[in-house]
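Peer 1: Encoded as structure tokens, here's the structure I'll be asking about.
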Amino acid sequence: MIFFECFILLALVVSGQCFPKPYDENVSYAYDFPYMSRNDWGARPPVNTVSLSLPVPYVIIHHSYIPGPCSTTNQCINAMRSMQNSHQLHQGWDDIGYNFAVGGDGVVYEGRGWNNVGAHALGYNFDSIGIVFIGDFVSRLPPEIQLNAAKRLIEKGVELGHISRDYYLLGHRQVTATECPGNALFREITTWDRFANYNM
Ligand SMILES: [Zn+2]
């Protein structure tokens, strides 16, 4: 029985299913952190896309609230699908609203990505990358690996020239009347590099 399980695990490793694949093998960079492209998590195609002009001056942090936190990649993939369903099928938007999501499994999930305008912060969508923390972070913090996934994504965005070097980091509540990204997570991001202490 143990032998059988090891064989299954080996088969998964060999077939690549145990490791997230890089964003796109044809482009000249690969992510040096766990990353799942839309293909990897089974996204539906967008109804329409609008090009984001890069680099953007703002990074805006959200929490999903619902779906709640995910700690395994399967749970996080389900959360991604449920957010896309909710935004695309129920709200009638073109796609999942966020540019990226980070899961409690430490994986960065591609939403609209770097190149497409999101639908996450009214008035700022054309000037920002929106990153959602999957989960409800009103009274508790995301795990360290989830916080680090977001930090590494932002660093990579700066490195790739998609986010301005002198960007402003904001919580959603600073630009819209919302409690997002939750009190605990908002307090956390006020300690991060480039946090901008202003309200619209
Ligand atoms: Zn938000």
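Naming works like this for the structure tokens: A, B, ... for the chains as they're shown, residue 1 at the start of each chain, ligands 1 onward in shown order.
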Which residues, written as a list in words, have at least one atom at most 7 Å from segment 159-165 of chain A, with only C-alpha atoms counted and residues fewer than 5 positions away on the same chain left out?

Peer 2: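 Selected residues are Leu54, Pro55, Val56, Pro57 and Trp114 of chain A.
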
Peer 1: Can you tell me which residues sit at most 6 Å away from ligand 1, counting only C-alpha atoms and all ligand atoms, written as a list in words?

Peer 2: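 Those within range of ligand 1 are His62, His63, His172, Cys180 and Pro181 of chain A.
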
Peer 1: Pick out each residue of chain A that DSSP on the backbone tags as strand (DSSP E); I need them as a PyMOL selection string.

Peer 2: chain A and resi 35-36+56-63+100-102+108-110+128-133+163-171

Peer 1: Pro46 of chain A: which residues within 9 Å, counting only C-alpha atoms, same-chain residues fewer than 5 positions away excluded, as number ranges by chain?

Peer 2: A: 88, 93-96, 112

Peer 1: Go through segment 56-91 of chain A and collect every residue that DSSP, computed from the backbone, puts in helix (DSSP H, G or I); the answer should be as a list in words.

Peer 2: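 The helix (DSSP H, G or I) residues within segment 56-91 of chain A come out as Thr73, Asn74, Gln75, Cys76, Ile77, Asn78, Ala79, Met80, Arg81, Ser82, Met83, Gln84, Asn85, Ser86, His87, Gln88, Leu89 and His90 of chain A.
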
Peer 1: Quick check, in Å to one decimal: how far apart do atom CA of Ile154 of chain A and atom CA of Gly97 of chain A lie?

Peer 2: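 Spanning atom CA of Ile154 of chain A to atom CA of Gly97 of chain A is a straight-line distance of 17.8 Å.
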